[in-house]
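Colleague: Structure incoming, see below.
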Amino acid sequence: MGTRGKLGQLVRWIDALWRAVSSLREVALETIGLGSDVDHHTEVTFRAVTDAVLPETPALGSEIGDEHVPGGLAIALDEFVVTYVDDGFQLGLPHVGPHGNIQLADPIAHALDFAALALCDRSENESEPSPDRPVSLLDPGEASPEAVRDAAGTFSKLSSKDRLRAISILDEFELSVTPGVDDLFEFDAGLVGQLVVGFTEMIYYSEWQGYDEFTQPPSERVHPNDPAAVQSWRQTGFPGFADGYAALRGYIGTDDGTLGDGETWTTIDSDAASPVRITRQPGSFRENEYDTSDYTEPYPE
Amino acid sequence: MVAESYDAVVVGAGGDGPVAAWKLGEAGLSVLLLEAGPFYGNEQWPKPNEEPGGEASSSTADLSGDLLDEQFTTREFEMINKLLFGPADHERGFWFRKFPGDGAILQCAGVGGTTLHYTGCHPRAYPASIDEQGHWPIDYADLLPYYREVEELCEVTPAPITAKEELFFRGAARAGWEFIDDYNVTGPGYRPQPNAIRPPDAKLHVDAGHDGGFTYPEVRGDTLALGNIAGNPHPRGAPYEEKAKRASNVSFVPAALRTGNVTIRPNAFVTDVRTETALDDSPTATGVAFRDTWTGRTESVEAEVVILAAGAIETPRLWLNTDLPRNEWVGRGLTIHFGDNVMGLWDAADLEGILGKRTVDQHQGQDIAARFDYPGLGMLQTVGTGPGIGAILGFGASASGFAFQNDPDDAPWDTMGRLAGAELKRLLSDYRRMLQILVVSDDRPHKRNGVTVSEALPDEHGPIPLVNYEPSRGDRQRRDELAEIAAEILREAGAAHVHRSDSPPTALHVHSTMRMGKVVDETCEAYDVERLFVADHSALSNGVGGANPTNTGQALAARTADRILERYF
Ligand SMILES: Cc1cc2nc3c(=O)[nH]c(=O)nc-3n(C[C@H](O)[C@H](O)[C@H](O)COP(=O)(O)OP(=O)(O)OC[C@H]3O[C@@H](n4cnc5c(N)ncnc54)[C@H](O)[C@@H]3O)c2cc1C
C-alpha cells in the first residue's frame, strides 16, 4: 500500500475515533467556558486558521500604515467561518443537520490536526508544536490555559507558517465523513484548504463585516456600504459598492478597421500599420471571411 | 398554472434553455421551462429566498426591475451565496458536488442560470476549433446565422475602455501583438470584448464632467460599476428589460414569455426523464418528473419532446440517475478551460505616467472588457473584481502550495502560489493598483474527465455528481504558454510585480459532457432516445477553442430548436 493509501486509512480511522470519543469529550470540555454550541476543539482550531491566514501584522504598521495591523481575529472572523462552513453545504437528507446542511466545521478541524500530524511525521515542520500557541490565541480571562491546552489539537500548536504547510498537505488526500448513521461520505481533503483559506479570504475581504447580522433573511439585511465600516476595505482602499462611475475613456480601434470611430482620445500604438487609438465611438466588429486551412496545433495531443 | 402536458418541456432556464424555449414558443409550440432555482425580479416571488411564492410565470408583466434592484445588491459575498447552485431557501446550503483537489465548480441556480454570474463576454468560437480540431460533426459556417441571431438579441457590442483596459492594451501592443477587429478570429491578437452589455451612456466619459447620479432614466445603458459576477442590476431604477447586462434572464426570458406560449416554473428540480419503449424499438421520451424544492412534492408533466438544458454537470447527472440507456460518453469529455490567474501590481508613480492617474481602479468599468485571443492556445482576459472575489479567485487557491514555499527563480513571475498572512495583506493593500488577467486555455475533451454518480452519495435529488478533471500534457502546455504571454503583457504595461496563482482546476466554463457526435446527433437529439434533445453547453463537442462559450451554446440551442421543429412539428 502506498503512503497515500495508508494516510487515507488513517484519516478514516481518526474520523471514526473522533466520533466515538466526541460524546465523552463534550462532557470533559464543558468546564472550559468557551462559547456554547460549537465544539471547543473546533473553536480553537478555527482561531488558529484565522490567525495563520489573516494574522495581526504589527510590522505592516510602520511599512504601509496602522490600518493594516489588525487581522481576522479582531473582527471574530473565526466564529463566522465556523457558522458558514456548518451552514454552507447540504446533502438534502432531512436527518443530517439543521435544514439538511452537513456540519463540516468539526470534521474540518480534525482533518487539520491530521494534516498537522502528517507534517510533523514527515519532519517538514519548521518549529516544534507548542501548547502555548493556542493559549495565546485567546484573550486573557477567556478560558483557563489548562483547559485550552486540553482542547487544542496539534494544528493549533504549530507556528503560523507550519499551519499553512499542513493545509497544503491536505490537497493530497481524500477524506471521509459520516454525517448520518449509514452515510459514508467522501470528499477531497482539498476542500478543507478551499474552505479554510479560499473562503476565509473571500469572507474577510468582502463586505461581510459590515452587516448588522449576515444570518438574517436577505430582505432584512442591513449594510452601511461605508468604506470606513469594514476593516478589510480600510486595508484595500475599496470604496464600497457604487451605482456607477464616470470612467469611460472611449473605444479602441484603427482608421483602417471597423472598430473605433469619431474623435481620438489617445493613441495606444502609433507604430502599428494603422495606429491603434481610443476614440469616442465604438464602431463594430467586422463580419470577416475566415480561412482556417493553415491552422497548426501548437501542442498536438 | 402548470398544465399536464406541453409540446416541449425544457429542463433548466440557464444560459441556453431559454433560447430554445423562445424559438419554440415563437413557432407556436406550448413550452414549459422548469428551473431548479428561484426566479429573481419577478412579482410572483417577492421574497424568492424566504417564501415559496407563486407557482409559475407566463407573462412579462410579472417582471420587475425594482425587485431586481432590491434582490441584486451587488454586495459580493451576499450575491455569491445567493446565486451559487443550491435551493432558493436561504437557510439551506449549496447542493454539494464532488470536485478534485481544492478547485471548484461555479454555477448558479435560478432563471438565467450561470449567466447570472457571467460577465457578458459573448465572442464566437474560434473557427479552427470547430473546423480543424476534428471533434465537431458540423461546420462553423452552420453556426454563423445563429450567432447573428443571438448577438442581435443580446445586443453584443465592442466593450468600452476604462483605465484597466487601456493598461492591458498598452502592454499587448508593446509586446508586439496585433490588433484584431474581427468576429471570426483566426490568429493571435488583442481586441475589445464583444460584450452582451449595453454600452455606457456617453455622459460617463471622463471628460464630460458628469456630476449627476447613475440611475435610470438619467443614465441609460451600462454604468461602469463592477457587479456582473455579483448580479448586475444597473442602471438602478430601470425597468427589468432595460438593465444593461443581457444575461439570459434579461434577453431570452422576456422574449420567450412575450411569445405567449412559454411558462416558466422555478423551484422545480427535474429528477427523472420518462420514456416509453415500443417492442424492439429504442425508447422515446414522453415527459419528466420534478420535485418542488420548497414542498418536496414530486409532480410530473408530459411532452412531445424533452429538452435537457440543466448545464454540463447536471444534464449528465440527470441522465445517469434515470434508467435511460447507457452510452459510454454520457458525462465524459468534460472541458473547463483549465485556467489560471496572473496578476500585475504597479507603482503609483509609474501609473501616473502611463494612465494619468495613480490607480488602476479595477472596480470601475465592465468586469471583463479586454481580451487577447490565440486560436490553438485559448485566451486571456482582464478581470476586475471586488476584493473578496478577487482574493478567492486570484490568491486563495493554488496547485503549488503557498507562495513562500516556491522559489520561481528565473520564471517570468516574481511570486507564485497561494497567498496568506502578511504577504496577502501587503498585496491586497495594493488592490487599487492591481490588474488581474484570467488565463483561459483550450483544453481538449478526454474521456477520463467528466461526471459520474455513485449510489452511495445521494441528496434529495438522487446521487450527486462526482466530477473528475485531470488536464493532459497538452492542456498544461497551452495554459503555461498563455500564462507566460500574460506575464509579458503585464511587464510591458509597466507592472512592478507579477504574481502567478497556478490555480487548481476551477470550472467557470463547463462544457462537452454530452457531446455532439458522441451522445447526441447533429440535431442534438440523443442517439439512444427519441424525442430527447440536449440544448446546453454539454452538447458542445469541445471547449470551442477557449473562447467564452455562451454565444456558441446559445447559437447551438437556437439551431437545435429549428431542427426540432423540422423533425417533429
Ligand atoms: C463568474 C463567471 C463568469 C462567467 N462569465 C462568462 C462570460 O463572460 N461569457 C461566457 O460566455 N460565459 C461566462 N461564464 C460561463 C457561462 O455562464 C456558462 O457557460 C453558461 O451559463 C452555461 O449555460 P448552460 O445553459 O449550459 O448552463 P447554466 O447556465 O448553468 O444553466 C443550467 C440551469 O439548469 C438548472 N438546473 C440544473 N439542474 C436542473 C434540474 N435537474 N432541473 C431543473 N433545472 C436544473 C440550473 O439551476 C441552471 O439554471 C461565466 C461563468 C462564471 C461562473
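By order of appearance in the C-alpha cells: chains A, B, ..., then residues from 1 within every chain, and ligands from 1 in the order shown.
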Residues of chain B within 6 Å of chain A, counting only C-alpha atoms, what are they? List them as an MDAnalysis selection string.

Modeller: chainID B and resid 77 92:95 101:102 128 160:162 170 181:183 204:206 214 223:225 376 387:389 391:392 396 401 420:421 428:429 431 459:460 474

Colleague: Residues of stretch 12-193 of chain B in strand (DSSP E) according to DSSP, as a ChimeraX atom specification?

Modeller: /B:31-34,94-95,157-158,189-192

Colleague: Rank B:Ser248, B:Asn327, B:Asn261, B:Ser282 by their smallest atom-to-atom distance to ligand 1, using only C-alpha atoms and all ligand atoms, and report the top residue only.

Modeller: B:Ser248

Colleague: Which parts of stretch 7-256 of chain B does DSSP call helix (DSSP H, G or I) when run on the backbone here, written out as number ranges by chain?

Modeller: B: 17-26, 60-62, 65-71, 76-83, 113-116, 127-131, 140-154, 163-174, 202-204, 240-242, 252-256

Colleague: As a ChimeraX atom specification, please: every protein or nucleic acid residue near ligand 1 (cut-off 7 Å, counting only C-alpha atoms and all ligand atoms).

Modeller: /B:11-17,34-37,85,106-115,117-122,229,268-271,309-312,314-315,318,508-510,536-538,548-551,553

Colleague: With only C-alpha atoms as the counted atoms, please give the residues lying no more than 12 Å from B:Ala495, apart from itself and same-chain residues fewer than 4 positions off, as an MDAnalysis selection string.

Modeller: chainID B and resid 167:168 170:171 342:351 354 360 412:414 433:436 486:491 499

Colleague: Would you write out those residues with N, CA, C and O atoms, as a tab-separated table (two decimals), in the first residue's frame?

Modeller:
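Final output, saved to again22.tsv:
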chain	number	residue	atom	x	y	z
B	167	LEU	N	-4.60	50.01	-19.92
B	167	LEU	CA	-3.33	49.49	-19.43
B	167	LEU	C	-2.98	48.16	-20.13
B	167	LEU	O	-1.86	47.95	-20.61
B	168	PHE	N	-3.98	47.28	-20.20
B	168	PHE	CA	-3.76	45.98	-20.83
B	168	PHE	C	-3.42	46.13	-22.31
B	168	PHE	O	-2.49	45.51	-22.83
B	170	ARG	N	-2.12	48.66	-23.81
B	170	ARG	CA	-0.77	49.23	-23.99
B	170	ARG	C	0.27	48.12	-23.85
B	170	ARG	O	1.23	48.06	-24.62
B	171	GLY	N	0.06	47.24	-22.88
B	171	GLY	CA	1.01	46.13	-22.70
B	171	GLY	C	1.02	45.19	-23.89
B	171	GLY	O	2.07	44.80	-24.40
B	342	VAL	N	-3.00	35.51	-13.46
B	342	VAL	CA	-1.70	36.19	-13.39
B	342	VAL	C	-1.99	37.66	-13.07
B	342	VAL	O	-2.81	38.29	-13.74
B	343	MET	N	-1.34	38.15	-12.04
B	343	MET	CA	-1.64	39.49	-11.54
B	343	MET	C	-0.47	40.43	-11.75
B	343	MET	O	0.67	40.04	-11.53
B	344	GLY	N	-0.77	41.67	-12.08
B	344	GLY	CA	0.28	42.69	-12.09
B	344	GLY	C	0.01	43.70	-11.01
B	344	GLY	O	-1.15	44.00	-10.69
B	345	LEU	N	1.09	44.24	-10.43
B	345	LEU	CA	0.97	45.32	-9.44
B	345	LEU	C	1.86	46.46	-9.91
B	345	LEU	O	2.99	46.22	-10.36
B	346	TRP	N	1.35	47.67	-9.80
B	346	TRP	CA	2.08	48.83	-10.32
B	346	TRP	C	2.46	49.80	-9.20
B	346	TRP	O	1.76	49.89	-8.19
B	347	ASP	N	3.53	50.53	-9.43
B	347	ASP	CA	3.86	51.64	-8.55
B	347	ASP	C	3.01	52.83	-8.97
B	347	ASP	O	2.81	53.06	-10.18
B	348	ALA	N	2.59	53.60	-7.98
B	348	ALA	CA	1.71	54.74	-8.26
B	348	ALA	C	2.34	55.71	-9.25
B	348	ALA	O	1.69	56.19	-10.19
B	349	ALA	N	3.61	55.98	-9.08
B	349	ALA	CA	4.26	56.98	-9.94
B	349	ALA	C	4.31	56.49	-11.39
B	349	ALA	O	4.10	57.27	-12.33
B	350	ASP	N	4.54	55.18	-11.57
B	350	ASP	CA	4.56	54.64	-12.93
B	350	ASP	C	3.18	54.76	-13.58
B	350	ASP	O	3.06	55.10	-14.76
B	351	LEU	N	2.15	54.47	-12.79
B	351	LEU	CA	0.79	54.57	-13.34
B	351	LEU	C	0.47	55.99	-13.77
B	351	LEU	O	-0.15	56.22	-14.80
B	354	ILE	N	1.68	56.42	-17.14
B	354	ILE	CA	1.02	55.63	-18.19
B	354	ILE	C	-0.44	56.03	-18.37
B	354	ILE	O	-0.94	56.16	-19.50
B	360	VAL	N	-5.22	51.94	-10.84
B	360	VAL	CA	-5.83	51.24	-11.98
B	360	VAL	C	-7.35	51.26	-11.82
B	360	VAL	O	-8.10	51.41	-12.77
B	412	PRO	N	8.97	33.99	-15.41
B	412	PRO	CA	8.59	35.37	-15.73
B	412	PRO	C	7.73	36.04	-14.64
B	412	PRO	O	7.28	37.15	-14.83
B	413	TRP	N	7.45	35.37	-13.53
B	413	TRP	CA	6.71	36.00	-12.42
B	413	TRP	C	7.61	36.07	-11.20
B	413	TRP	O	8.54	35.28	-11.04
B	414	ASP	N	7.29	37.02	-10.33
B	414	ASP	CA	8.12	37.21	-9.14
B	414	ASP	C	7.72	36.26	-8.02
B	414	ASP	O	8.56	35.85	-7.22
B	433	ARG	N	-4.18	49.26	-7.28
B	433	ARG	CA	-3.11	49.38	-8.29
B	433	ARG	C	-2.76	48.00	-8.86
B	433	ARG	O	-1.62	47.70	-9.15
B	434	MET	N	-3.79	47.19	-8.99
B	434	MET	CA	-3.58	45.80	-9.38
B	434	MET	C	-4.45	45.48	-10.58
B	434	MET	O	-5.57	45.98	-10.69
B	435	LEU	N	-3.93	44.64	-11.48
B	435	LEU	CA	-4.78	44.16	-12.57
B	435	LEU	C	-4.57	42.67	-12.73
B	435	LEU	O	-3.43	42.18	-12.80
B	436	GLN	N	-5.68	41.97	-12.76
B	436	GLN	CA	-5.65	40.52	-12.83
B	436	GLN	C	-5.97	40.08	-14.25
B	436	GLN	O	-6.87	40.62	-14.88
B	486	ALA	N	0.74	36.31	-20.67
B	486	ALA	CA	0.09	37.26	-19.75
B	486	ALA	C	1.14	38.03	-18.95
B	486	ALA	O	1.06	39.26	-18.80
B	487	ALA	N	2.13	37.30	-18.45
B	487	ALA	CA	3.17	37.96	-17.65
B	487	ALA	C	3.91	38.99	-18.50
B	487	ALA	O	4.21	40.10	-18.03
B	488	GLU	N	4.17	38.64	-19.75
B	488	GLU	CA	4.90	39.56	-20.61
B	488	GLU	C	4.07	40.83	-20.88
B	488	GLU	O	4.60	41.95	-20.86
B	489	ILE	N	2.78	40.62	-21.11
B	489	ILE	CA	1.91	41.79	-21.36
B	489	ILE	C	1.91	42.71	-20.13
B	489	ILE	O	2.00	43.93	-20.24
B	490	LEU	N	1.82	42.10	-18.94
B	490	LEU	CA	1.80	42.91	-17.72
B	490	LEU	C	3.12	43.67	-17.55
B	490	LEU	O	3.13	44.84	-17.20
B	491	ARG	N	4.22	42.99	-17.80
B	491	ARG	CA	5.53	43.67	-17.70
B	491	ARG	C	5.62	44.82	-18.68
B	491	ARG	O	6.05	45.91	-18.35
B	499	HIS	N	2.54	38.25	-10.24
B	499	HIS	CA	2.27	37.07	-9.42
B	499	HIS	C	1.44	36.07	-10.23
B	499	HIS	O	0.47	36.45	-10.89

Colleague: Give me, as a ChimeraX atom specification, all polymer residues having an atom no more than 8 Å from B:Thr560, counting only C-alpha atoms and skipping those fewer than 4 positions away in the same chain.

Modeller: /B:20,523-524,535,556,564

Colleague: For the atom pair atom CA of B:Gln405 and atom CA of B:Arg418, what is the interatomic distance in Å to one decimal place?

Modeller: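 Result for atom CA of B:Gln405 versus atom CA of B:Arg418: 9.4 Å, one decimal.
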
Colleague: Expressed in Å to a single decimal, how great is the separation between atom CA of B:Thr415 and atom CA of A:Cys120?

Modeller: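 Going from atom CA of B:Thr415 over to atom CA of A:Cys120, I get 26.3 Å.
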
Colleague: May I have the residues within 6 Å of B:Leu33 as a JSON list (two decimals) with N, CA and C atoms, in the first residue's frame, using only C-alpha atoms and disregarding those fewer than 2 positions away in the same chain?

Modeller:
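As written to disk, result.json reads:
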[["chain", "number", "residue", "atom", "x", "y", "z"],
["B", 9, "VAL", "N", -40.96, 20.32, -23.15],
["B", 9, "VAL", "CA", -40.52, 20.66, -21.80],
["B", 9, "VAL", "C", -39.02, 20.88, -21.85],
["B", 10, "VAL", "N", -38.58, 22.02, -21.32],
["B", 10, "VAL", "CA", -37.16, 22.33, -21.27],
["B", 10, "VAL", "C", -36.71, 22.24, -19.81],
["B", 264, "ILE", "N", -42.80, 29.49, -17.27],
["B", 264, "ILE", "CA", -41.58, 29.17, -16.52],
["B", 264, "ILE", "C", -41.96, 28.79, -15.10]]

Colleague: Between A:Ser159, A:Ser136, A:Gln231, A:Ser144, which has the minimum distance to A:Leu119 (counting only C-alpha atoms)?

Modeller: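 Of A:Ser159, A:Ser136, A:Gln231, A:Ser144, the one nearest A:Leu119 is A:Ser159, counting only C-alpha atoms.
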
Colleague: Could you list, as a PDB file with N, CA, C and O atoms, in the first residue's frame, every residue within 8 Å of stretch 53-62 of chain B, counting only C-alpha atoms and ignoring same-chain residues fewer than 4 positions away?

Modeller:
ATOM      1  N   MET B   1     -50.557  28.624 -14.179  1.00  0.00           N
ATOM      2  CA  MET B   1     -50.704  27.226 -13.727  1.00  0.00           C
ATOM      3  C   MET B   1     -49.988  26.271 -14.674  1.00  0.00           C
ATOM      4  O   MET B   1     -50.031  26.441 -15.890  1.00  0.00           O
ATOM      5  N   VAL B   2     -49.372  25.289 -14.114  1.00  0.00           N
ATOM      6  CA  VAL B   2     -48.673  24.322 -14.946  1.00  0.00           C
ATOM      7  C   VAL B   2     -49.670  23.246 -15.382  1.00  0.00           C
ATOM      8  O   VAL B   2     -50.383  22.674 -14.551  1.00  0.00           O
ATOM      9  N   ASN B  42     -39.150  38.916 -10.196  1.00  0.00           N
ATOM     10  CA  ASN B  42     -40.462  38.520 -10.696  1.00  0.00           C
ATOM     11  C   ASN B  42     -41.484  38.701  -9.577  1.00  0.00           C
ATOM     12  O   ASN B  42     -41.270  38.232  -8.453  1.00  0.00           O
ATOM     13  N   GLU B  43     -42.555  39.386  -9.882  1.00  0.00           N
ATOM     14  CA  GLU B  43     -43.527  39.720  -8.833  1.00  0.00           C
ATOM     15  C   GLU B  43     -44.246  38.524  -8.231  1.00  0.00           C
ATOM     16  O   GLU B  43     -44.842  38.629  -7.166  1.00  0.00           O
ATOM     17  N   GLN B  44     -44.176  37.392  -8.911  1.00  0.00           N
ATOM     18  CA  GLN B  44     -44.748  36.172  -8.318  1.00  0.00           C
ATOM     19  C   GLN B  44     -43.951  35.719  -7.090  1.00  0.00           C
ATOM     20  O   GLN B  44     -44.439  34.958  -6.271  1.00  0.00           O
ATOM     21  N   TRP B  45     -42.686  36.173  -7.030  1.00  0.00           N
ATOM     22  CA  TRP B  45     -41.816  35.740  -5.936  1.00  0.00           C
ATOM     23  C   TRP B  45     -41.130  36.957  -5.304  1.00  0.00           C
ATOM     24  O   TRP B  45     -39.944  37.204  -5.524  1.00  0.00           O
ATOM     25  N   PRO B  46     -41.895  37.733  -4.518  1.00  0.00           N
ATOM     26  CA  PRO B  46     -41.312  38.964  -3.987  1.00  0.00           C
ATOM     27  C   PRO B  46     -40.142  38.705  -3.027  1.00  0.00           C
ATOM     28  O   PRO B  46     -39.240  39.520  -2.936  1.00  0.00           O
ATOM     29  N   LYS B  47     -40.179  37.583  -2.317  1.00  0.00           N
ATOM     30  CA  LYS B  47     -39.043  37.224  -1.458  1.00  0.00           C
ATOM     31  C   LYS B  47     -38.586  35.819  -1.831  1.00  0.00           C
ATOM     32  O   LYS B  47     -38.840  34.855  -1.108  1.00  0.00           O
ATOM     33  N   PRO B  48     -37.896  35.689  -2.955  1.00  0.00           N
ATOM     34  CA  PRO B  48     -37.654  34.356  -3.531  1.00  0.00           C
ATOM     35  C   PRO B  48     -36.790  33.446  -2.661  1.00  0.00           C
ATOM     36  O   PRO B  48     -36.817  32.237  -2.854  1.00  0.00           O
ATOM     37  N   PRO B 254     -37.521  37.261 -21.340  1.00  0.00           N
ATOM     38  CA  PRO B 254     -38.658  38.101 -21.752  1.00  0.00           C
ATOM     39  C   PRO B 254     -39.107  37.791 -23.185  1.00  0.00           C
ATOM     40  O   PRO B 254     -40.316  37.764 -23.458  1.00  0.00           O
ATOM     41  N   LEU B 257     -41.229  34.729 -22.972  1.00  0.00           N
ATOM     42  CA  LEU B 257     -42.542  34.985 -22.366  1.00  0.00           C
ATOM     43  C   LEU B 257     -43.438  35.758 -23.334  1.00  0.00           C
ATOM     44  O   LEU B 257     -44.642  35.523 -23.399  1.00  0.00           O
ATOM     45  N   ARG B 258     -42.825  36.665 -24.078  1.00  0.00           N
ATOM     46  CA  ARG B 258     -43.618  37.506 -24.970  1.00  0.00           C
ATOM     47  C   ARG B 258     -44.303  36.707 -26.081  1.00  0.00           C
ATOM     48  O   ARG B 258     -45.284  37.168 -26.657  1.00  0.00           O
ATOM     49  N   GLY B 260     -46.102  34.336 -25.607  1.00  0.00           N
ATOM     50  CA  GLY B 260     -47.408  33.919 -25.087  1.00  0.00           C
ATOM     51  C   GLY B 260     -47.550  32.409 -24.979  1.00  0.00           C
ATOM     52  O   GLY B 260     -48.584  31.906 -24.541  1.00  0.00           O
ATOM     53  N   ASN B 261     -46.511  31.690 -25.355  1.00  0.00           N
ATOM     54  CA  ASN B 261     -46.598  30.214 -25.355  1.00  0.00           C
ATOM     55  C   ASN B 261     -45.684  29.544 -24.345  1.00  0.00           C
ATOM     56  O   ASN B 261     -45.607  28.327 -24.295  1.00  0.00           O
ATOM     57  N   VAL B 262     -44.954  30.350 -23.571  1.00  0.00           N
ATOM     58  CA  VAL B 262     -43.942  29.769 -22.677  1.00  0.00           C
ATOM     59  C   VAL B 262     -44.318  30.020 -21.220  1.00  0.00           C
ATOM     60  O   VAL B 262     -44.651  31.145 -20.839  1.00  0.00           O
ATOM     61  N   THR B 263     -44.249  28.974 -20.416  1.00  0.00           N
ATOM     62  CA  THR B 263     -44.471  29.086 -18.974  1.00  0.00           C
ATOM     63  C   THR B 263     -43.184  28.692 -18.260  1.00  0.00           C
ATOM     64  O   THR B 263     -42.554  27.703 -18.639  1.00  0.00           O
ATOM     65  N   ILE B 264     -42.802  29.489 -17.268  1.00  0.00           N
ATOM     66  CA  ILE B 264     -41.585  29.166 -16.518  1.00  0.00           C
ATOM     67  C   ILE B 264     -41.963  28.791 -15.100  1.00  0.00           C
ATOM     68  O   ILE B 264     -42.653  29.526 -14.402  1.00  0.00           O
ATOM     69  N   ARG B 265     -41.504  27.630 -14.697  1.00  0.00           N
ATOM     70  CA  ARG B 265     -41.733  27.221 -13.319  1.00  0.00           C
ATOM     71  C   ARG B 265     -40.395  27.074 -12.607  1.00  0.00           C
ATOM     72  O   ARG B 265     -39.646  26.129 -12.847  1.00  0.00           O
ATOM     73  N   PRO B 266     -40.053  28.027 -11.720  1.00  0.00           N
ATOM     74  CA  PRO B 266     -38.812  27.918 -10.958  1.00  0.00           C
ATOM     75  C   PRO B 266     -39.010  26.980  -9.761  1.00  0.00           C
ATOM     76  O   PRO B 266     -40.108  26.438  -9.573  1.00  0.00           O
TER      77      PRO B 266
END

Colleague: Quick one: distance from atom CA of B:Ala557 to atom CA of B:Gly28 in Å, one decimal?

Modeller: 17.2 Å

Colleague: What lies within 9 Å of B:Tyr147 using only C-alpha atoms, ignoring chain neighbours under 4 positions off, as a list of chain:residue names?

Modeller: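 Near neighbours after the sequence-gap exclusion: B:Arg124, B:Leu143, B:Glu151, B:Glu152, B:Asn551, B:Thr552, B:Gln554, B:Ala555, B:Leu556, B:Ala558.
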
Colleague: Would you mind exporting the chosen residues as a CSV table (one decimal), in the first residue's frame, restricted to C-alpha atoms?

Modeller:
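Output below, filename result_25.csv:
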chain,number,residue,atom,x,y,z
B,124,ARG,CA,-17.8,33.4,-31.1
B,143,LEU,CA,-23.4,28.3,-36.6
B,151,GLU,CA,-25.8,38.6,-31.0
B,152,GLU,CA,-28.7,40.7,-32.1
B,551,ASN,CA,-22.5,32.7,-27.5
B,552,THR,CA,-21.8,29.3,-29.0
B,554,GLN,CA,-26.9,29.7,-27.3
B,555,ALA,CA,-26.3,29.7,-31.0
B,556,LEU,CA,-26.4,25.9,-30.9
B,558,ALA,CA,-31.2,28.1,-31.3
